[in-house]
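What follows is one structure encoded as C-alpha cells, with my remarks underneath.
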Protein chains: 2
Amino acid sequence: MPRKPIPTLSGVFTPTETPAHLARDVIESALREAIMDGRIPPETPLRQEEIATLFGVSRMPVREALRRLESQGLLHIQPYKGAVVTALINQDAMDTYGVRLLLEPEALRLSLPHLSDTDLAEASACLTALRRARDSATLARLNREFHMALYRRAGNARLLYLIEQELAQEERFLRFHLSAMGTGHQAHDDHEALLDAARSGDESRALARLRRHLSQAEHAIRHYLADQDNAASPAGDAPRIAGESK
Amino acid sequence: MPRKPIPTLSGVFTPTETPAHLARDVIESALREAIMDGRIPPETPLRQEEIATLFGVSRMPVREALRRLESQGLLHIQPYKGAVVTALINQDAMDTYGVRLLLEPEALRLSLPHLSDTDLAEASACLTALRRARDSATLARLNREFHMALYRRAGNARLLYLIEQELAQEERFLRFHLSAMGTGHQAHDDHEALLDAARSGDESRALARLRRHLSQAEHAIRHYLADQDNAASPAGDAPRIAGESK
DNA sequence: AAATTGGATCCTGGATCCAATTTAGAGTAT
DNA sequence: ATACTCTAAATTGGATCCAGGATCCAATTT
C-alpha cells in the first residue's frame, strides 16, 4: 500500500550559517532558497520550533521570516495551524507563460539597444554552462540568468521586477519537472538563436525568436502536464505532482 | 399529530469566514486602511510601541503586521531604524504605466468575449457612481473597480493578480492627488467610450480606447508631478532629479 | 461496533524581559 | 561658534514564558 511520504527538514540545511546579518533575514533567505530549489518540497509543514533549533535561534525571528515568505506566496499560513510550503499549481505555471509572453518581449525590445558586449558575453557564458549542466536545479537557474542578462538594460525597474518574479516561478517549476520532461533540447537551440539575433541587434528577429521560444516552452509544459494527467491513474508510479497527495 | 422533528443546528449559524480576530490581522488591516486613506501620510515613521499601546496590545502582533505590510509595498523597514510609510508614485515609479499598457489591454482582450451582461452592468454602475462621487477616495476606488470589472473574465489568474497590484498603487496615488489634479474629466469620457466599445464587443476599438486612456492618464500624472516639482523648488534650487541625492 | 466526549499533548499567538543598535544631547576641545 | 566625542535615552531585535486553539487518543455512551 502506498504510504504518502511526509517530507521533513532533516539534512536540508548545512549548519554553516554565519550571523553576518540579522537572524530573521538569514532565515528568510535560507528558507526561500531551500523552497525555491526544492530542498523543501511542496506541502511540507514548517514547524517554528524545528527551524529555530536548526538555526540555533529562538522562534521569534523564524516567525517574522515565515510571515514575509507568506506574503511572497511561498508559504500558506493558517491561524494556530502553522505554515505549509505552497503547492506547485499547474494552472499557475501555464498562466505564467501568458504573462511572460507580454512582459519579456517588451523588456527585450527596451533592453536590446543598450546591451553591452559584457552583457552578451554573460548571456553566452550562461549558455555554455547550460550545455554541460546536468542537474535540474542548475539548469533552471542558468535559464533564468540567461534571460535576465538580455533584459537587464530595459530601464524599467518595475517591468524587470515582475519578470524576475515570473522567472522565479518557472525556475521552481522546472526544478521539479525538468528531468521528467526530457531536458528540452529545443530550448537550447532557441537560446542560441535568440542570443545570435541579440548580438546582431536585429530587433524584430530577436523578438520573434523570444516569442517562439516562450510559446514552445509553454507548449512543451502543457503537453507534459496533459500526459501526466493521463498517466496518473493507469501507470503505477509516475513522478509525483505537487498537490496530488490526498 | 405528527411528531415534532428533532431540531438540529444545521444552517443556524453562518459559516463565519473570520473565525478569530487575531490581533495581528486586525492591526494589519487597520494600518493598511489608514495608509491607503491617507490618515497616515507617506514618510510617516511608525513606532511599534506607539501602535501597540494604541491598540492595547504588545509590540509582538504589531511587528508581524508591519512585516506583512512591508511585503505589500506599503512600508519600508530598515534594521534597527523602523518602518516608514512608502512614498507615493514619483517620477521614477512612472514605469508602472508602462507595465499596465502591456497587461491591461491583454486582459481586456481575453476577457471581452466572455463578459456577461451582469459584468457590463456592474461596470456601468461604477461609472454612474463615479459621476456623482465627490471625495477622492471613492473616485479612486471606483476607478479601480470599473477596470477590474472589464478584465474579470480574462481567465488568467496570474495576469489579473498583477493588474490588481498595479491598480492598487494607482488608487493610493489618486486618493492623495486627484483633487489637486483637476478631477480628470477626460478620463470620464475615456471610460464611457471604453464601456461602449466593450458592450458592442468591438475588440480593436475597445483596445484602442483603453490604450489611449492609459496613455493619457500617464501623461496627466507626469505633467502634474513635473509641475509639483517646479513649484516645490521655486527658482533657487534646480529641480531634483531622481537618484541625484547623495 | 460506531459515535461522541473528555482530556493529554503539541503547536501557535501574544506578553514580557533583555540585548543590540541607533539617535539625540551634553560636554569639551579647537 | 563649530566640530568632535562620549554618554544616555529611545527604539528595534531576539529570548523566554504563558495562554489558547488544534489534534490525537482513550474512555464513555448509544
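Convention: chains lettered A, B, ... in C-alpha cells order; per-chain residue numbering from 1; ligands numbered from 1 as shown.
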
| said: With 12 Å as the limit and counting only C-alpha atoms (C1' of nucleotides), what residues in chain D lie close to chain A? Please list them as a list of chain:residue names. | reply: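 Result: D:DT12, D:DG13, D:DG14, D:DA15, D:DT16, D:DG20, D:DG21, D:DA22, D:DT23.
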
Produce a file of the selected residues containing N, CA, C and O atoms (P, O5', C5', C4', C3', O3' and C1' of nucleotides), as a short mmCIF file (atom, residue, chain, number, x, y, z; two decimals), in the first residue's frame.
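Wrote it out as out-v3.cif, contents follow:
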data_model
loop_
_atom_site.label_atom_id
_atom_site.label_comp_id
_atom_site.auth_asym_id
_atom_site.auth_seq_id
_atom_site.Cartn_x
_atom_site.Cartn_y
_atom_site.Cartn_z
P DT D 12 10.68 51.28 16.82
"O5'" DT D 12 11.62 50.06 16.42
"C5'" DT D 12 12.68 50.26 15.51
"C4'" DT D 12 13.71 49.16 15.63
"C3'" DT D 12 13.16 47.74 15.35
"O3'" DT D 12 14.07 47.04 14.53
"C1'" DT D 12 14.23 47.79 17.45
P DG D 13 13.68 45.60 13.96
"O5'" DG D 13 14.54 44.62 14.85
"C5'" DG D 13 15.96 44.61 14.68
"C4'" DG D 13 16.59 43.47 15.45
"C3'" DG D 13 15.95 42.09 15.21
"O3'" DG D 13 16.97 41.10 15.12
"C1'" DG D 13 15.82 42.65 17.51
P DG D 14 16.56 39.58 14.95
"O5'" DG D 14 16.55 39.05 16.44
"C5'" DG D 14 17.75 39.03 17.20
"C4'" DG D 14 17.51 38.38 18.55
"C3'" DG D 14 16.87 36.99 18.51
"O3'" DG D 14 17.64 36.12 19.32
"C1'" DG D 14 15.68 38.42 19.98
P DA D 15 17.18 34.61 19.56
"O5'" DA D 15 16.70 34.66 21.07
"C5'" DA D 15 17.59 35.17 22.08
"C4'" DA D 15 17.03 34.93 23.47
"C3'" DA D 15 16.45 33.53 23.72
"O3'" DA D 15 16.83 33.09 25.02
"C1'" DA D 15 14.76 35.17 24.07
P DT D 16 16.49 31.62 25.49
"O5'" DT D 16 15.24 31.84 26.44
"C5'" DT D 16 15.30 32.84 27.47
"C4'" DT D 16 13.94 33.04 28.12
"C3'" DT D 16 13.18 31.74 28.42
"O3'" DT D 16 12.77 31.76 29.78
"C1'" DT D 16 11.78 33.27 27.29
P DG D 20 -6.35 31.92 28.16
"O5'" DG D 20 -6.45 31.40 26.66
"C5'" DG D 20 -6.21 32.32 25.60
"C4'" DG D 20 -6.26 31.60 24.26
"C3'" DG D 20 -7.42 30.62 24.13
"O3'" DG D 20 -7.92 30.68 22.80
"C1'" DG D 20 -5.39 29.47 23.83
P DG D 21 -9.31 30.00 22.48
"O5'" DG D 21 -8.97 29.09 21.23
"C5'" DG D 21 -8.41 29.69 20.09
"C4'" DG D 21 -7.65 28.66 19.26
"C3'" DG D 21 -8.52 27.48 18.78
"O3'" DG D 21 -8.26 27.26 17.40
"C1'" DG D 21 -6.60 26.69 19.91
P DA D 22 -9.03 26.11 16.61
"O5'" DA D 22 -7.96 24.95 16.49
"C5'" DA D 22 -6.71 25.21 15.84
"C4'" DA D 22 -5.90 23.94 15.71
"C3'" DA D 22 -6.67 22.74 15.18
"O3'" DA D 22 -5.85 22.02 14.27
"C1'" DA D 22 -5.78 22.24 17.32
P DT D 23 -6.44 20.82 13.42
"O5'" DT D 23 -5.81 19.53 14.11
"C5'" DT D 23 -4.44 19.54 14.47
"C4'" DT D 23 -4.08 18.30 15.25
"C3'" DT D 23 -4.86 17.04 14.83
"O3'" DT D 23 -3.95 15.95 14.72
"C1'" DT D 23 -5.05 17.36 17.15
#

| task | Restrict the distance test to only C-alpha atoms, flag each residue of chain B within 8 Å of chain A, and return the flagged residues as a VMD selection string. | result | chain B and resid 63 to 64 67 to 68 71 to 72 93 95 to 96 98 to 99 102 to 103 156 to 159

| field | Test item: chain C residues at most 10 Å from chain B, counting only C-alpha atoms (C1' of nucleotides), as a list of chain:residue names | value |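 Listed by rising number, the hits are C:DG13, C:DG14, C:DA15, C:DT16, C:DA20, C:DT21, C:DT22, C:DT23.
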
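Least-squares fitting of chain B to chain A, using every C-alpha atom paired in order, leaves a residual RMSD of 14.0 Å.
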
| request: Per DSSP on the backbone, filter segment 15-217 of chain B down to the residues in alpha helix (DSSP H) and report them as a VMD selection string. | output: chain B and resid 23 to 37 48 to 55 59 to 71 95 to 111 117 to 132 136 to 151 157 to 177 185 to 200 203 to 217

| query | Which residues in segment 40-241 of chain A does DSSP call strand (DSSP E)? List them as a ChimeraX atom specification. | reply | /A:45-46,75-78,82-85

With N, CA, C and O atoms kept, could you save the residues just selected as a JSON list (two decimals), in the first residue's frame?
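Result file follows (part37.json):
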[["chain", "number", "residue", "atom", "x", "y", "z"],
["A", 45, "PRO", "N", 5.07, 20.79, 6.00],
["A", 45, "PRO", "CA", 4.74, 21.70, 7.11],
["A", 45, "PRO", "C", 6.01, 22.21, 7.77],
["A", 45, "PRO", "O", 6.94, 21.45, 8.01],
["A", 46, "LEU", "N", 6.05, 23.50, 8.04],
["A", 46, "LEU", "CA", 7.21, 24.11, 8.67],
["A", 46, "LEU", "C", 6.90, 24.40, 10.13],
["A", 46, "LEU", "O", 6.06, 25.25, 10.44],
["A", 75, "LEU", "N", 4.63, 30.39, 1.08],
["A", 75, "LEU", "CA", 4.03, 29.63, 2.17],
["A", 75, "LEU", "C", 2.54, 29.93, 2.26],
["A", 75, "LEU", "O", 2.06, 30.94, 1.75],
["A", 76, "HIS", "N", 1.87, 29.03, 2.93],
["A", 76, "HIS", "CA", 0.47, 29.26, 3.26],
["A", 76, "HIS", "C", 0.33, 29.07, 4.76],
["A", 76, "HIS", "O", 0.63, 27.99, 5.28],
["A", 77, "ILE", "N", -0.09, 30.12, 5.46],
["A", 77, "ILE", "CA", -0.16, 30.08, 6.91],
["A", 77, "ILE", "C", -1.61, 30.12, 7.36],
["A", 77, "ILE", "O", -2.37, 30.99, 6.93],
["A", 78, "GLN", "N", -1.98, 29.19, 8.20],
["A", 78, "GLN", "CA", -3.32, 29.18, 8.78],
["A", 78, "GLN", "C", -3.21, 29.43, 10.27],
["A", 78, "GLN", "O", -2.31, 28.88, 10.93],
["A", 82, "GLY", "N", -0.21, 26.74, 11.46],
["A", 82, "GLY", "CA", 1.17, 26.80, 11.01],
["A", 82, "GLY", "C", 1.34, 27.03, 9.53],
["A", 82, "GLY", "O", 0.37, 27.28, 8.81],
["A", 83, "ALA", "N", 2.59, 26.92, 9.09],
["A", 83, "ALA", "CA", 2.96, 27.26, 7.71],
["A", 83, "ALA", "C", 3.21, 25.99, 6.91],
["A", 83, "ALA", "O", 3.80, 25.03, 7.40],
["A", 84, "VAL", "N", 2.73, 25.98, 5.68],
["A", 84, "VAL", "CA", 2.95, 24.87, 4.77],
["A", 84, "VAL", "C", 3.50, 25.45, 3.47],
["A", 84, "VAL", "O", 3.02, 26.50, 3.00],
["A", 85, "VAL", "N", 4.49, 24.77, 2.89],
["A", 85, "VAL", "CA", 5.05, 25.23, 1.62],
["A", 85, "VAL", "C", 3.97, 25.15, 0.54],
["A", 85, "VAL", "O", 3.32, 24.13, 0.38]]

Within 10 Å of Arg153 of chain B, counting only C-alpha atoms (C1' of nucleotides), which residues show up once you throw out same-chain ones fewer than 4 positions away? Write them as a PDB file with all heavy atoms, in the first residue's frame, please.
ATOM      1  N   ALA B 107      -5.499  41.732 -20.889  1.00  0.00           N
ATOM      2  CA  ALA B 107      -6.578  41.244 -20.030  1.00  0.00           C
ATOM      3  C   ALA B 107      -7.937  41.565 -20.642  1.00  0.00           C
ATOM      4  O   ALA B 107      -8.842  40.722 -20.652  1.00  0.00           O
ATOM      5  CB  ALA B 107      -6.462  41.866 -18.636  1.00  0.00           C
ATOM      6  N   LEU B 108      -8.064  42.763 -21.157  1.00  0.00           N
ATOM      7  CA  LEU B 108      -9.338  43.137 -21.781  1.00  0.00           C
ATOM      8  C   LEU B 108      -9.624  42.263 -22.991  1.00  0.00           C
ATOM      9  O   LEU B 108     -10.750  41.808 -23.192  1.00  0.00           O
ATOM     10  CB  LEU B 108      -9.293  44.615 -22.183  1.00  0.00           C
ATOM     11  CG  LEU B 108     -10.556  45.150 -22.844  1.00  0.00           C
ATOM     12  CD1 LEU B 108     -11.749  45.021 -21.918  1.00  0.00           C
ATOM     13  CD2 LEU B 108     -10.367  46.603 -23.270  1.00  0.00           C
ATOM     14  N   ARG B 109      -8.579  42.009 -23.784  1.00  0.00           N
ATOM     15  CA  ARG B 109      -8.764  41.183 -24.983  1.00  0.00           C
ATOM     16  C   ARG B 109      -9.247  39.785 -24.608  1.00  0.00           C
ATOM     17  O   ARG B 109     -10.161  39.240 -25.241  1.00  0.00           O
ATOM     18  CB  ARG B 109      -7.437  41.097 -25.748  1.00  0.00           C
ATOM     19  CG  ARG B 109      -7.539  40.457 -27.125  1.00  0.00           C
ATOM     20  CD  ARG B 109      -6.178  40.382 -27.787  1.00  0.00           C
ATOM     21  NE  ARG B 109      -5.288  39.449 -27.134  1.00  0.00           N
ATOM     22  CZ  ARG B 109      -5.324  38.120 -27.313  1.00  0.00           C
ATOM     23  NH1 ARG B 109      -6.222  37.595 -28.129  1.00  0.00           N
ATOM     24  NH2 ARG B 109      -4.485  37.334 -26.678  1.00  0.00           N
ATOM     25  N   LEU B 110      -8.636  39.223 -23.578  1.00  0.00           N
ATOM     26  CA  LEU B 110      -9.033  37.879 -23.156  1.00  0.00           C
ATOM     27  C   LEU B 110     -10.416  37.875 -22.537  1.00  0.00           C
ATOM     28  O   LEU B 110     -11.178  36.917 -22.694  1.00  0.00           O
ATOM     29  CB  LEU B 110      -8.011  37.333 -22.133  1.00  0.00           C
ATOM     30  CG  LEU B 110      -6.616  37.023 -22.677  1.00  0.00           C
ATOM     31  CD1 LEU B 110      -5.669  36.668 -21.520  1.00  0.00           C
ATOM     32  CD2 LEU B 110      -6.677  35.878 -23.679  1.00  0.00           C
ATOM     33  N   SER B 111     -10.733  38.929 -21.822  1.00  0.00           N
ATOM     34  CA  SER B 111     -11.984  38.954 -21.066  1.00  0.00           C
ATOM     35  C   SER B 111     -13.180  39.298 -21.941  1.00  0.00           C
ATOM     36  O   SER B 111     -14.292  38.822 -21.702  1.00  0.00           O
ATOM     37  CB  SER B 111     -11.849  39.965 -19.923  1.00  0.00           C
ATOM     38  OG  SER B 111     -13.063  40.107 -19.233  1.00  0.00           O
ATOM     39  N   LEU B 112     -12.939  40.124 -22.942  1.00  0.00           N
ATOM     40  CA  LEU B 112     -14.034  40.710 -23.725  1.00  0.00           C
ATOM     41  C   LEU B 112     -15.061  39.682 -24.225  1.00  0.00           C
ATOM     42  O   LEU B 112     -16.275  39.884 -24.049  1.00  0.00           O
ATOM     43  CB  LEU B 112     -13.438  41.492 -24.904  1.00  0.00           C
ATOM     44  CG  LEU B 112     -14.292  42.609 -25.495  1.00  0.00           C
ATOM     45  CD1 LEU B 112     -14.783  43.539 -24.418  1.00  0.00           C
ATOM     46  CD2 LEU B 112     -13.503  43.360 -26.555  1.00  0.00           C
ATOM     47  N   PRO B 113     -14.613  38.579 -24.837  1.00  0.00           N
ATOM     48  CA  PRO B 113     -15.621  37.643 -25.376  1.00  0.00           C
ATOM     49  C   PRO B 113     -16.469  36.988 -24.290  1.00  0.00           C
ATOM     50  O   PRO B 113     -17.553  36.477 -24.590  1.00  0.00           O
ATOM     51  CB  PRO B 113     -14.764  36.590 -26.096  1.00  0.00           C
ATOM     52  CG  PRO B 113     -13.424  37.210 -26.273  1.00  0.00           C
ATOM     53  CD  PRO B 113     -13.252  38.132 -25.118  1.00  0.00           C
ATOM     54  N   HIS B 114     -16.007  36.983 -23.059  1.00  0.00           N
ATOM     55  CA  HIS B 114     -16.726  36.275 -22.009  1.00  0.00           C
ATOM     56  C   HIS B 114     -17.482  37.196 -21.063  1.00  0.00           C
ATOM     57  O   HIS B 114     -18.028  36.733 -20.057  1.00  0.00           O
ATOM     58  CB  HIS B 114     -15.744  35.420 -21.197  1.00  0.00           C
ATOM     59  CG  HIS B 114     -14.917  34.502 -22.044  1.00  0.00           C
ATOM     60  ND1 HIS B 114     -13.583  34.718 -22.287  1.00  0.00           N
ATOM     61  CD2 HIS B 114     -15.241  33.386 -22.731  1.00  0.00           C
ATOM     62  CE1 HIS B 114     -13.114  33.775 -23.083  1.00  0.00           C
ATOM     63  NE2 HIS B 114     -14.105  32.948 -23.368  1.00  0.00           N
ATOM     64  N   LEU B 115     -17.481  38.477 -21.360  1.00  0.00           N
ATOM     65  CA  LEU B 115     -18.172  39.406 -20.471  1.00  0.00           C
ATOM     66  C   LEU B 115     -19.682  39.184 -20.541  1.00  0.00           C
ATOM     67  O   LEU B 115     -20.266  39.134 -21.624  1.00  0.00           O
ATOM     68  CB  LEU B 115     -17.833  40.854 -20.859  1.00  0.00           C
ATOM     69  CG  LEU B 115     -16.480  41.379 -20.356  1.00  0.00           C
ATOM     70  CD1 LEU B 115     -16.250  42.790 -20.869  1.00  0.00           C
ATOM     71  CD2 LEU B 115     -16.410  41.327 -18.851  1.00  0.00           C
ATOM     72  N   SER B 116     -20.283  39.037 -19.362  1.00  0.00           N
ATOM     73  CA  SER B 116     -21.729  38.850 -19.314  1.00  0.00           C
ATOM     74  C   SER B 116     -22.416  40.209 -19.194  1.00  0.00           C
ATOM     75  O   SER B 116     -21.764  41.236 -18.963  1.00  0.00           O
ATOM     76  CB  SER B 116     -22.094  37.979 -18.117  1.00  0.00           C
ATOM     77  OG  SER B 116     -21.865  38.705 -16.931  1.00  0.00           O
ATOM     78  N   ASP B 119     -21.658  41.682 -15.860  1.00  0.00           N
ATOM     79  CA  ASP B 119     -20.368  42.359 -15.773  1.00  0.00           C
ATOM     80  C   ASP B 119     -20.475  43.776 -16.324  1.00  0.00           C
ATOM     81  O   ASP B 119     -20.024  44.740 -15.700  1.00  0.00           O
ATOM     82  CB  ASP B 119     -19.307  41.574 -16.549  1.00  0.00           C
ATOM     83  CG  ASP B 119     -19.102  40.180 -15.995  1.00  0.00           C
ATOM     84  OD1 ASP B 119     -19.193  40.025 -14.768  1.00  0.00           O
ATOM     85  OD2 ASP B 119     -18.868  39.254 -16.793  1.00  0.00           O
ATOM     86  N   MET B 148     -11.362  46.595 -13.198  1.00  0.00           N
ATOM     87  CA  MET B 148     -11.356  45.168 -12.903  1.00  0.00           C
ATOM     88  C   MET B 148     -12.618  44.474 -13.404  1.00  0.00           C
ATOM     89  O   MET B 148     -12.578  43.309 -13.808  1.00  0.00           O
ATOM     90  CB  MET B 148     -11.189  44.957 -11.391  1.00  0.00           C
ATOM     91  CG  MET B 148      -9.793  45.231 -10.861  1.00  0.00           C
ATOM     92  SD  MET B 148      -8.466  44.435 -11.796  1.00  0.00           S
ATOM     93  CE  MET B 148      -8.839  42.712 -11.481  1.00  0.00           C
ATOM     94  N   ALA B 149     -13.744  45.182 -13.377  1.00  0.00           N
ATOM     95  CA  ALA B 149     -14.985  44.577 -13.865  1.00  0.00           C
ATOM     96  C   ALA B 149     -14.852  44.172 -15.331  1.00  0.00           C
ATOM     97  O   ALA B 149     -15.387  43.135 -15.752  1.00  0.00           O
ATOM     98  CB  ALA B 149     -16.146  45.553 -13.682  1.00  0.00           C
ATOM     99  N   ALA B 157      -5.475  33.962 -13.997  1.00  0.00           N
ATOM    100  CA  ALA B 157      -5.495  34.489 -12.633  1.00  0.00           C
ATOM    101  C   ALA B 157      -4.236  35.282 -12.322  1.00  0.00           C
ATOM    102  O   ALA B 157      -4.287  36.308 -11.650  1.00  0.00           O
ATOM    103  CB  ALA B 157      -5.640  33.327 -11.639  1.00  0.00           C
ATOM    104  N   LEU B 160      -4.462  38.744 -13.791  1.00  0.00           N
ATOM    105  CA  LEU B 160      -5.363  39.605 -13.035  1.00  0.00           C
ATOM    106  C   LEU B 160      -4.741  40.030 -11.712  1.00  0.00           C
ATOM    107  O   LEU B 160      -4.917  41.165 -11.276  1.00  0.00           O
ATOM    108  CB  LEU B 160      -6.683  38.860 -12.779  1.00  0.00           C
ATOM    109  CG  LEU B 160      -7.563  38.694 -14.007  1.00  0.00           C
ATOM    110  CD1 LEU B 160      -8.845  37.957 -13.650  1.00  0.00           C
ATOM    111  CD2 LEU B 160      -7.892  40.046 -14.614  1.00  0.00           C
TER     112      LEU B 160
END

| task | For DA8 of chain C, list every protein, DNA or RNA residue within 12 Å, evaluated using only C-alpha atoms (C1' of nucleotides), and leave out those in the same chain fewer than 6 positions away; present the list as a ChimeraX atom specification. | result | /D:23-26
